[in-house]
$ cat structure_21.tsv   # TSV, C-alpha atoms
chain	number	residue	atom	x	y	z
A	1	MET	CA	-87.49	-67.51	20.56
A	2	HIS	CA	-90.42	-69.40	22.00
A	3	ILE	CA	-90.95	-72.63	20.09
A	4	PRO	CA	-94.70	-73.41	19.94
A	5	ASP	CA	-96.23	-76.86	20.11
A	6	GLY	CA	-96.33	-78.57	16.76
A	7	TYR	CA	-93.03	-77.19	15.52
A	8	ILE	CA	-90.83	-79.86	17.10
A	9	GLY	CA	-91.80	-83.50	17.48
A	10	LEU	CA	-92.05	-85.39	20.73
A	11	GLU	CA	-88.89	-87.19	19.62
A	12	THR	CA	-87.13	-83.84	20.08
A	13	ALA	CA	-89.22	-82.30	22.87
A	14	ILE	CA	-89.10	-85.18	25.36
A	15	PRO	CA	-85.28	-85.55	25.31
A	16	PHE	CA	-84.97	-81.83	26.03
A	17	ILE	CA	-87.28	-82.20	29.03
A	18	GLY	CA	-85.11	-85.11	30.13
A	19	VAL	CA	-81.99	-82.95	29.80
A	20	MET	CA	-83.50	-80.08	31.75
A	21	ILE	CA	-84.66	-82.14	34.75
A	22	PRO	CA	-81.12	-82.79	36.08
A	23	ILE	CA	-80.15	-79.22	35.19
A	24	TRP	CA	-83.05	-77.87	37.27
A	25	ARG	CA	-82.10	-80.22	40.11
A	26	LYS	CA	-78.49	-79.02	39.99
A	27	ALA	CA	-79.62	-75.38	39.84
A	28	LEU	CA	-81.83	-75.78	42.89
A	29	GLN	CA	-78.98	-77.39	44.81
A	30	LYS	CA	-76.64	-74.57	43.82
A	31	ILE	CA	-78.93	-71.72	44.84
A	32	LYS	CA	-79.74	-73.41	48.15
A	33	THR	CA	-76.07	-73.43	49.07
A	34	THR	CA	-74.84	-70.22	47.42
A	35	LEU	CA	-77.75	-67.77	47.25
A	36	LYS	CA	-78.16	-65.56	50.30
A	37	ARG	CA	-81.62	-65.21	51.82
A	38	LYS	CA	-81.60	-61.46	51.17
A	39	HIS	CA	-81.17	-62.16	47.44
A	40	ILE	CA	-84.34	-64.27	47.10
A	41	PRO	CA	-86.46	-61.16	46.39
A	42	VAL	CA	-83.93	-60.16	43.73
A	43	LEU	CA	-84.38	-63.55	42.06
A	44	SER	CA	-88.15	-63.10	42.15
A	45	ILE	CA	-87.92	-59.61	40.66
A	46	GLY	CA	-85.50	-60.86	38.03
A	47	ALA	CA	-87.86	-63.68	37.04
A	48	ALA	CA	-90.74	-61.20	36.84
A	49	PHE	CA	-88.62	-58.84	34.73
A	50	SER	CA	-87.70	-61.66	32.38
A	51	PHE	CA	-91.34	-62.73	32.15
A	52	THR	CA	-92.44	-59.19	31.31
A	53	ILE	CA	-89.93	-58.39	28.58
A	54	MET	CA	-90.40	-61.80	26.95
A	55	MET	CA	-94.10	-61.04	26.52
A	56	PHE	CA	-93.18	-58.29	24.04
A	57	ASN	CA	-92.35	-60.65	21.20
A	58	VAL	CA	-92.57	-60.37	17.43
A	59	PRO	CA	-93.50	-63.51	15.44
A	60	LEU	CA	-90.83	-64.59	12.95
A	61	PRO	CA	-91.13	-66.78	9.86
A	62	GLY	CA	-90.01	-70.31	10.68
A	63	GLY	CA	-92.05	-70.87	13.82
A	64	SER	CA	-90.57	-68.71	16.55
A	65	SER	CA	-90.43	-65.12	17.78
A	66	GLY	CA	-87.96	-62.34	18.50
A	67	HIS	CA	-87.76	-60.66	21.91
A	68	ALA	CA	-85.46	-59.72	24.76
A	69	VAL	CA	-85.05	-62.22	27.64
A	70	GLY	CA	-83.10	-60.72	30.55
A	71	ALA	CA	-81.39	-64.02	31.37
A	72	VAL	CA	-77.86	-62.64	31.16
A	73	LEU	CA	-78.63	-59.73	33.46
A	74	LEU	CA	-79.98	-62.12	36.07
A	75	ALA	CA	-76.91	-64.34	35.65
A	76	ILE	CA	-74.58	-61.38	36.20
A	77	LEU	CA	-76.46	-60.37	39.35
A	78	LEU	CA	-77.00	-63.75	40.99
A	79	GLY	CA	-75.08	-66.30	38.95
A	80	PRO	CA	-76.11	-68.50	36.01
A	81	TRP	CA	-77.70	-71.23	38.15
A	82	ALA	CA	-80.06	-68.76	39.78
A	83	ALA	CA	-80.82	-67.29	36.35
A	84	CYS	CA	-81.64	-70.79	35.12
A	85	ILE	CA	-84.34	-71.18	37.76
A	86	GLY	CA	-85.71	-67.66	37.40
A	87	VAL	CA	-86.03	-67.72	33.62
A	88	SER	CA	-87.34	-71.31	33.64
A	89	LEU	CA	-90.16	-70.27	35.96
A	90	ALA	CA	-91.01	-67.39	33.64
A	91	LEU	CA	-91.04	-69.67	30.59
A	92	ILE	CA	-93.14	-72.35	32.29
A	93	ILE	CA	-95.76	-69.83	33.44
A	94	GLN	CA	-95.87	-68.30	29.97
A	95	ALA	CA	-96.42	-71.71	28.36
A	96	LEU	CA	-98.98	-73.08	30.83
A	97	ILE	CA	-101.06	-69.96	31.43
A	98	PHE	CA	-100.52	-67.62	28.49
A	99	GLY	CA	-99.81	-70.06	25.68
A	100	ASP	CA	-96.57	-68.29	24.83
A	101	GLY	CA	-94.37	-71.20	23.83
A	102	GLY	CA	-95.48	-74.82	23.65
A	103	VAL	CA	-96.10	-77.00	26.68
A	104	TRP	CA	-94.21	-79.90	25.11
A	105	ALA	CA	-91.52	-77.44	24.03
A	106	ILE	CA	-90.86	-76.23	27.59
A	107	GLY	CA	-87.70	-78.32	27.82
A	108	ALA	CA	-86.26	-76.97	24.57
A	109	ASN	CA	-87.22	-73.38	25.34
A	110	CYS	CA	-85.73	-73.60	28.81
A	111	PHE	CA	-82.54	-75.19	27.46
A	112	ASN	CA	-82.11	-72.33	24.99
A	113	MET	CA	-83.12	-69.34	27.10
A	114	ALA	CA	-82.74	-70.48	30.73
A	115	PHE	CA	-79.60	-72.60	30.43
A	116	ALA	CA	-77.49	-71.86	27.37
A	117	MET	CA	-78.16	-68.13	27.30
A	118	PRO	CA	-77.33	-67.23	30.92
A	119	PHE	CA	-74.26	-69.47	31.04
A	120	VAL	CA	-72.83	-68.22	27.75
A	121	GLY	CA	-73.64	-64.62	28.67
A	122	TYR	CA	-72.25	-64.91	32.19
A	123	TYR	CA	-68.88	-66.30	31.11
A	124	THR	CA	-68.68	-63.83	28.22
A	125	TYR	CA	-69.15	-61.05	30.78
A	126	LYS	CA	-66.51	-62.52	33.10
A	127	LEU	CA	-64.03	-62.96	30.26
A	128	ILE	CA	-64.38	-59.44	28.85
A	129	ARG	CA	-64.65	-57.63	32.18
A	130	GLY	CA	-61.63	-59.33	33.71
A	131	ASN	CA	-60.55	-57.43	36.83
A	132	ALA	CA	-62.09	-54.12	35.80
A	133	GLU	CA	-64.31	-52.29	38.28
A	134	VAL	CA	-67.99	-52.97	37.83
A	135	LEU	CA	-68.87	-49.49	36.57
A	136	SER	CA	-65.87	-49.03	34.29
A	137	LYS	CA	-66.32	-48.73	30.55
A	138	ARG	CA	-64.88	-52.20	30.10
A	139	ALA	CA	-67.39	-53.72	32.49
A	140	VAL	CA	-70.33	-51.99	30.80
A	141	ILE	CA	-69.08	-53.12	27.39
A	142	ALA	CA	-68.80	-56.62	28.85
A	143	ALA	CA	-72.45	-56.47	29.92
A	144	ILE	CA	-73.52	-55.31	26.45
A	145	ALA	CA	-71.53	-58.04	24.72
A	146	ALA	CA	-72.75	-60.69	27.16
A	147	GLY	CA	-76.40	-59.85	26.54
A	148	TYR	CA	-75.89	-59.69	22.78
A	149	ILE	CA	-73.93	-62.94	22.47
A	150	GLY	CA	-76.08	-64.86	24.96
A	151	LEU	CA	-79.28	-63.97	23.12
A	152	ASN	CA	-77.89	-64.90	19.73
A	153	VAL	CA	-76.59	-68.25	20.96
A	154	ALA	CA	-80.10	-69.02	22.23
A	155	ALA	CA	-81.58	-67.88	18.90
A	156	LEU	CA	-79.18	-70.11	16.96
A	157	LEU	CA	-80.05	-73.14	19.08
A	158	THR	CA	-83.75	-72.44	18.57
A	159	ALA	CA	-83.32	-72.15	14.81
A	160	ILE	CA	-81.39	-75.41	14.66
A	161	GLU	CA	-83.94	-77.27	16.75
A	162	PHE	CA	-86.91	-76.55	14.54
A	163	GLY	CA	-84.79	-76.36	11.38
A	164	ILE	CA	-83.77	-80.02	11.65
A	165	GLN	CA	-87.36	-81.25	11.96
A	166	PRO	CA	-87.98	-81.58	8.17
A	167	MET	CA	-84.78	-83.62	7.88
A	168	PHE	CA	-85.89	-86.34	10.28
A	169	PHE	CA	-89.69	-86.29	10.56
A	170	LYS	CA	-91.69	-86.65	7.35
A	171	ALA	CA	-94.93	-88.29	6.29
A	172	ALA	CA	-94.93	-91.09	3.73
A	173	ASP	CA	-95.35	-88.56	0.92
A	174	GLY	CA	-92.41	-86.48	2.15
A	175	THR	CA	-94.48	-83.75	3.82
A	176	PRO	CA	-92.84	-82.41	7.01
A	177	LEU	CA	-94.71	-83.54	10.13
A	178	TYR	CA	-93.65	-80.59	12.26
A	179	SER	CA	-91.79	-77.40	11.34
A	180	PRO	CA	-91.84	-77.14	7.54
A	181	HIS	CA	-88.84	-74.80	7.40
A	182	PRO	CA	-85.41	-76.40	6.90
A	183	LEU	CA	-82.15	-75.09	8.31
A	184	TRP	CA	-81.39	-72.97	5.27
A	185	ILE	CA	-84.53	-70.95	6.06
A	186	SER	CA	-84.78	-71.11	9.86
A	187	VAL	CA	-81.18	-70.15	10.66
A	188	PRO	CA	-80.87	-67.08	8.37
A	189	VAL	CA	-84.32	-65.77	9.37
A	190	MET	CA	-83.74	-66.19	13.10
A	191	MET	CA	-80.19	-64.89	13.08
A	192	PHE	CA	-80.92	-61.88	10.85
A	193	GLU	CA	-83.60	-60.61	13.25
A	194	HIS	CA	-81.64	-61.36	16.40
A	195	LEU	CA	-78.23	-60.18	15.22
A	196	LEU	CA	-79.60	-56.86	13.96
A	197	ILE	CA	-82.57	-56.09	16.22
A	198	ALA	CA	-83.23	-58.31	19.24
A	199	GLY	CA	-79.53	-58.74	20.10
A	200	PRO	CA	-78.74	-55.01	20.33
A	201	ILE	CA	-81.91	-54.48	22.36
A	202	GLU	CA	-80.88	-57.26	24.76
A	203	GLY	CA	-77.40	-55.77	25.07
A	204	ALA	CA	-78.78	-52.30	25.74
A	205	VAL	CA	-81.31	-53.53	28.31
A	206	THR	CA	-78.61	-55.57	30.06
A	207	ALA	CA	-76.19	-52.63	30.19
A	208	LEU	CA	-78.75	-50.07	31.37
A	209	ALA	CA	-79.98	-52.31	34.17
A	210	TYR	CA	-76.39	-53.25	34.99
A	211	VAL	CA	-75.36	-49.59	35.43
A	212	TYR	CA	-78.46	-48.85	37.51
A	213	VAL	CA	-77.78	-51.78	39.84
A	214	GLY	CA	-74.09	-50.88	39.98
A	215	LYS	CA	-74.94	-47.40	41.25
A	216	THR	CA	-77.73	-48.35	43.65
A	217	HIS	CA	-76.80	-51.86	44.85
A	218	PRO	CA	-73.14	-52.45	43.93
A	219	GLU	CA	-72.93	-55.43	46.28
A	220	LEU	CA	-74.97	-57.44	43.79
A	221	LEU	CA	-72.19	-57.06	41.22
A	222	GLY	CA	-69.35	-58.31	43.35
A	223	GLU	CA	-68.32	-58.01	46.97
A	224	GLN	CA	-64.69	-57.36	45.97
A	225	ASN	CA	-65.68	-54.12	44.20
A	226	ARG	CA	-68.03	-52.69	46.80
A	227	LYS	CA	-65.51	-50.50	48.58
A	228	GLY	CA	-64.03	-48.98	45.44
A	229	ILE	CA	-67.40	-48.15	43.90
A	230	SER	CA	-68.86	-46.74	47.08
A	231	THR	CA	-65.87	-44.48	47.55
A	232	ARG	CA	-66.03	-43.20	43.99
A	233	ILE	CA	-69.73	-42.48	44.14
A	234	ALA	CA	-69.39	-40.73	47.49
A	235	GLU	CA	-66.65	-38.51	46.11
A	236	GLY	CA	-68.72	-37.69	43.05
A	237	GLU	CA	-66.07	-39.03	40.68
A	238	ALA	CA	-67.24	-39.53	37.12
A	239	ILE	CA	-67.45	-43.17	36.18
A	240	SER	CA	-64.97	-43.83	33.43

$ encode --input "structure_21.tsv" --output "structure tokens"
Amino acid sequence: MHIPDGYIGLETAIPFIGVMIPIWRKALQKIKTTLKRKHIPVLSIGAAFSFTIMMFNVPLPGGSSGHAVGAVLLAILLGPWAACIGVSLALIIQALIFGDGGVWAIGANCFNMAFAMPFVGYYTYKLIRGNAEVLSKRAVIAAIAAGYIGLNVAALLTAIEFGIQPMFFKAADGTPLYSPHPLWISVPVMMFEHLLIAGPIEGAVTALAYVYVGKTHPELLGEQNRKGISTRIAEGEAIS
């Protein structure tokens, strides 16, 4: 989903940077007051995990790519504001050092994958899981759905952002100045790949990591469930 330079105009890129600046400021304020010191290494590992899996991307027609992100997993573990910072750092490093995603498109890419995706995924997880224990079937299904839906929302936003470029930015002869692919191409192409391939992969990765963390560090998935999970694991009860 990385938008490269040249596919969205500065008229689109700069406003997204302007939108992300107060979001980053708010996220930093949130994690300073809510994130425990012992969880800072988890945030670092989560950002590194997101960075790594995003490097395995497949170019798609229309000016973007398909790949897993890991933003929803990080949001479930540490909250969406922490995920916003972690994934933003991964995206910025990728753009500045590895050329994966445009420098001018950092704001748009961060809005899609570091803001919209973790927040949508996090609240999808909370809604579906409800009061179920963190290693119940319902909770695992919630993690799968959260990863799947979060990724596809980010993919849709990406497709819209470069799909509207030919509508607004054209040369005198009508030639598109930036992305040449209109919405009727960008949206179906992006959503087909992400709904059928990247989305299920994101859901599976989120669920597998979720179950692993739930068994090894259940405190990361909710203090209110720690006692119940620990007791069940100690007694060797099968997780339903």

$ residues_around --input "structure_21.tsv" --residues "region 79-93 of chain A" --least-positions-apart "2" --cutoff "7 Å" --atoms "all atoms listed in the file" --output "PyMOL selection string"
chain A and resi 24+27+30-31+43+46-48+50-51+71+74-77+95-97+106+110+114-115+118-119+122

$ atom_distance --input "structure_21.tsv" --atom1 "CA of Arg138 (chain A)" --atom2 "CA of Ala198 (chain A)"
22.2 Å

$ residues_around --input "structure_21.tsv" --residues "Leu73 (chain A)" --least-positions-apart "5" --cutoff "8 Å" --atoms "only C-alpha atoms" --output "PDB file with C-alpha atoms, keeping the file's coordinate frame"
ATOM      1  CA  ALA A 143     -72.450 -56.470  29.920  1.00  0.00           C
ATOM      2  CA  GLY A 147     -76.400 -59.850  26.540  1.00  0.00           C
ATOM      3  CA  THR A 206     -78.610 -55.570  30.060  1.00  0.00           C
ATOM      4  CA  ALA A 209     -79.980 -52.310  34.170  1.00  0.00           C
ATOM      5  CA  TYR A 210     -76.390 -53.250  34.990  1.00  0.00           C
TER       6      TYR A 210
END

$ atom_distance --input "structure_21.tsv" --atom1 "CA of Leu221 (chain A)" --atom2 "CA of Val134 (chain A)"
6.8 Å

$ closest_residue --input "structure_21.tsv" --among "A:Ala207, A:Ile8, A:Leu127, A:Val69" --to "Phe49 (chain A)" --atoms "all atoms listed in the file"
A:Val69

$ residues_around --input "structure_21.tsv" --residues "Met191 (chain A)" --least-positions-apart "6" --cutoff "9 Å" --atoms "all atoms listed in the file" --output "PDB file with C-alpha atoms, keeping the file's coordinate frame"
ATOM      1  CA  ASN A 152     -77.890 -64.900  19.730  1.00  0.00           C
ATOM      2  CA  ALA A 155     -81.580 -67.880  18.900  1.00  0.00           C
ATOM      3  CA  LEU A 156     -79.180 -70.110  16.960  1.00  0.00           C
ATOM      4  CA  ALA A 159     -83.320 -72.150  14.810  1.00  0.00           C
TER       5      ALA A 159
END

$ residues_around --input "structure_21.tsv" --residues "Lys126 (chain A)" --least-positions-apart "4" --cutoff "9 Å" --atoms "only C-alpha atoms" --output "PyMOL selection string"
chain A and resi 76+121-122+130-131+139+142+146

$ write_last_selection --input "structure_21.tsv" --atoms "C-alpha atoms" --output "CSV table (one decimal), keeping the file's coordinate frame"
chain,number,residue,atom,x,y,z
A,76,ILE,CA,-74.6,-61.4,36.2
A,121,GLY,CA,-73.6,-64.6,28.7
A,122,TYR,CA,-72.2,-64.9,32.2
A,130,GLY,CA,-61.6,-59.3,33.7
A,131,ASN,CA,-60.6,-57.4,36.8
A,139,ALA,CA,-67.4,-53.7,32.5
A,142,ALA,CA,-68.8,-56.6,28.8
A,146,ALA,CA,-72.8,-60.7,27.2

$ closest_residue --input "structure_21.tsv" --among "A:Lys137, A:His194, A:His67, A:Arg129" --to "His2 (chain A)" --atoms "only C-alpha atoms"
A:His67

$ closest_residue --input "structure_21.tsv" --among "A:Ala68, A:Trp184, A:Tyr123, A:His39" --to "Gly199 (chain A)" --atoms "only C-alpha atoms"
A:Ala68

$ closest_residue --input "structure_21.tsv" --among "A:Trp104, A:Phe169, A:Tyr212, A:Tyr178" --to "Phe16 (chain A)" --atoms "all atoms listed in the file"
A:Trp104

$ closest_residue --input "structure_21.tsv" --among "A:Ile53, A:Leu10, A:Ile3, A:Leu196" --to "Gly99 (chain A)" --atoms "all atoms listed in the file"
A:Ile3

$ atom_distance --input "structure_21.tsv" --atom1 "CA of Pro4 (chain A)" --atom2 "CA of Thr158 (chain A)"
11.1 Å

$ residues_around --input "structure_21.tsv" --residues "Phe162 (chain A)" --least-positions-apart "6" --cutoff "8 Å" --atoms "all atoms listed in the file" --output "compact mmCIF listing (two decimals) with C-alpha atoms, in the frame of the given file"
# COMPACT_ATOMS: atom_id res chain seq x y z
CA ILE A 3 -90.95 -72.63 20.09
CA TYR A 7 -93.03 -77.19 15.52
CA ILE A 8 -90.83 -79.86 17.10
CA GLY A 62 -90.01 -70.31 10.68
CA GLY A 63 -92.05 -70.87 13.82
CA SER A 179 -91.79 -77.40 11.34
CA HIS A 181 -88.84 -74.80 7.40
CA PRO A 182 -85.41 -76.40 6.90
CA LEU A 183 -82.15 -75.09 8.31
CA SER A 186 -84.78 -71.11 9.86

$ closest_residue --input "structure_21.tsv" --among "A:Leu78, A:Leu157, A:Ile164, A:Ile197" --to "Gly66 (chain A)" --atoms "all atoms listed in the file"
A:Ile197

$ build_atoms --input "structure_21.tsv" --residues "region 116-151 of chain A" --atoms "N, CA and C atoms" --output "mmCIF file, in the coordinates of the input"
data_model
loop_
_atom_site.group_PDB
_atom_site.id
_atom_site.type_symbol
_atom_site.label_atom_id
_atom_site.label_comp_id
_atom_site.auth_asym_id
_atom_site.auth_seq_id
_atom_site.Cartn_x
_atom_site.Cartn_y
_atom_site.Cartn_z
ATOM 1 N N ALA A 116 -78.577 -72.274 28.252
ATOM 2 C CA ALA A 116 -77.490 -71.860 27.370
ATOM 3 C C ALA A 116 -77.251 -70.358 27.423
ATOM 4 N N MET A 117 -78.313 -69.586 27.347
ATOM 5 C CA MET A 117 -78.160 -68.130 27.300
ATOM 6 C C MET A 117 -77.503 -67.540 28.547
ATOM 7 N N PRO A 118 -77.982 -67.828 29.755
ATOM 8 C CA PRO A 118 -77.330 -67.230 30.920
ATOM 9 C C PRO A 118 -75.898 -67.704 31.144
ATOM 10 N N PHE A 119 -75.623 -68.973 30.833
ATOM 11 C CA PHE A 119 -74.260 -69.470 31.040
ATOM 12 C C PHE A 119 -73.295 -68.862 30.033
ATOM 13 N N VAL A 120 -73.691 -68.833 28.754
ATOM 14 C CA VAL A 120 -72.830 -68.220 27.750
ATOM 15 C C VAL A 120 -72.632 -66.731 28.053
ATOM 16 N N GLY A 121 -73.727 -66.040 28.373
ATOM 17 C CA GLY A 121 -73.640 -64.620 28.670
ATOM 18 C C GLY A 121 -72.798 -64.331 29.896
ATOM 19 N N TYR A 122 -72.978 -65.129 30.939
ATOM 20 C CA TYR A 122 -72.250 -64.910 32.190
ATOM 21 C C TYR A 122 -70.737 -65.038 31.985
ATOM 22 N N TYR A 123 -70.312 -66.098 31.292
ATOM 23 C CA TYR A 123 -68.880 -66.300 31.110
ATOM 24 C C TYR A 123 -68.293 -65.356 30.066
ATOM 25 N N THR A 124 -69.122 -64.885 29.132
ATOM 26 C CA THR A 124 -68.680 -63.830 28.220
ATOM 27 C C THR A 124 -68.406 -62.552 29.010
ATOM 28 N N TYR A 125 -69.319 -62.218 29.914
ATOM 29 C CA TYR A 125 -69.150 -61.050 30.780
ATOM 30 C C TYR A 125 -67.883 -61.172 31.621
ATOM 31 N N LYS A 126 -67.681 -62.320 32.242
ATOM 32 C CA LYS A 126 -66.510 -62.520 33.100
ATOM 33 C C LYS A 126 -65.219 -62.407 32.289
ATOM 34 N N LEU A 127 -65.230 -62.965 31.089
ATOM 35 C CA LEU A 127 -64.030 -62.960 30.260
ATOM 36 C C LEU A 127 -63.665 -61.544 29.820
ATOM 37 N N ILE A 128 -64.657 -60.780 29.354
ATOM 38 C CA ILE A 128 -64.380 -59.440 28.850
ATOM 39 C C ILE A 128 -64.093 -58.459 29.992
ATOM 40 N N ARG A 129 -64.840 -58.564 31.068
ATOM 41 C CA ARG A 129 -64.650 -57.630 32.180
ATOM 42 C C ARG A 129 -63.304 -57.828 32.857
ATOM 43 N N GLY A 130 -62.884 -59.058 33.029
ATOM 44 C CA GLY A 130 -61.630 -59.330 33.710
ATOM 45 C C GLY A 130 -61.641 -58.792 35.130
ATOM 46 N N ASN A 131 -60.645 -58.004 35.482
ATOM 47 C CA ASN A 131 -60.550 -57.430 36.830
ATOM 48 C C ASN A 131 -61.004 -55.973 36.893
ATOM 49 N N ALA A 132 -61.652 -55.511 35.831
ATOM 50 C CA ALA A 132 -62.090 -54.120 35.800
ATOM 51 C C ALA A 132 -63.184 -53.878 36.840
ATOM 52 N N GLU A 133 -63.262 -52.639 37.333
ATOM 53 C CA GLU A 133 -64.310 -52.290 38.280
ATOM 54 C C GLU A 133 -65.671 -52.397 37.600
ATOM 55 N N VAL A 134 -66.692 -52.628 38.399
ATOM 56 C CA VAL A 134 -67.990 -52.970 37.830
ATOM 57 C C VAL A 134 -68.666 -51.840 37.071
ATOM 58 N N LEU A 135 -68.280 -50.590 37.311
ATOM 59 C CA LEU A 135 -68.870 -49.490 36.570
ATOM 60 C C LEU A 135 -67.876 -48.830 35.609
ATOM 61 N N SER A 136 -66.811 -49.524 35.284
ATOM 62 C CA SER A 136 -65.870 -49.030 34.290
ATOM 63 C C SER A 136 -66.448 -49.238 32.896
ATOM 64 N N LYS A 137 -65.872 -48.560 31.929
ATOM 65 C CA LYS A 137 -66.320 -48.730 30.550
ATOM 66 C C LYS A 137 -66.189 -50.180 30.107
ATOM 67 N N ARG A 138 -65.104 -50.803 30.500
ATOM 68 C CA ARG A 138 -64.880 -52.200 30.100
ATOM 69 C C ARG A 138 -65.961 -53.111 30.649
ATOM 70 N N ALA A 139 -66.359 -52.892 31.889
ATOM 71 C CA ALA A 139 -67.390 -53.720 32.490
ATOM 72 C C ALA A 139 -68.740 -53.512 31.813
ATOM 73 N N VAL A 140 -69.059 -52.263 31.480
ATOM 74 C CA VAL A 140 -70.330 -51.990 30.800
ATOM 75 C C VAL A 140 -70.324 -52.600 29.410
ATOM 76 N N ILE A 141 -69.201 -52.484 28.706
ATOM 77 C CA ILE A 141 -69.080 -53.120 27.390
ATOM 78 C C ILE A 141 -69.228 -54.635 27.528
ATOM 79 N N ALA A 142 -68.672 -55.185 28.597
ATOM 80 C CA ALA A 142 -68.800 -56.620 28.850
ATOM 81 C C ALA A 142 -70.261 -57.022 29.028
ATOM 82 N N ALA A 143 -71.023 -56.197 29.728
ATOM 83 C CA ALA A 143 -72.450 -56.470 29.920
ATOM 84 C C ALA A 143 -73.198 -56.420 28.597
ATOM 85 N N ILE A 144 -72.878 -55.423 27.769
ATOM 86 C CA ILE A 144 -73.520 -55.310 26.450
ATOM 87 C C ILE A 144 -73.220 -56.550 25.604
ATOM 88 N N ALA A 145 -71.936 -56.901 25.527
ATOM 89 C CA ALA A 145 -71.530 -58.040 24.720
ATOM 90 C C ALA A 145 -72.132 -59.345 25.245
ATOM 91 N N ALA A 146 -72.200 -59.475 26.565
ATOM 92 C CA ALA A 146 -72.750 -60.690 27.160
ATOM 93 C C ALA A 146 -74.223 -60.862 26.795
ATOM 94 N N GLY A 147 -74.999 -59.775 26.913
ATOM 95 C CA GLY A 147 -76.400 -59.850 26.540
ATOM 96 C C GLY A 147 -76.580 -60.166 25.070
ATOM 97 N N TYR A 148 -75.801 -59.504 24.229
ATOM 98 C CA TYR A 148 -75.890 -59.690 22.780
ATOM 99 C C TYR A 148 -75.528 -61.125 22.382
ATOM 100 N N ILE A 149 -74.395 -61.605 22.854
ATOM 101 C CA ILE A 149 -73.930 -62.940 22.470
ATOM 102 C C ILE A 149 -74.829 -64.021 23.066
ATOM 103 N N GLY A 150 -75.219 -63.862 24.331
ATOM 104 C CA GLY A 150 -76.080 -64.860 24.960
ATOM 105 C C GLY A 150 -77.387 -65.025 24.222
ATOM 106 N N LEU A 151 -78.016 -63.910 23.843
ATOM 107 C CA LEU A 151 -79.280 -63.970 23.120
ATOM 108 C C LEU A 151 -79.126 -64.651 21.770
#
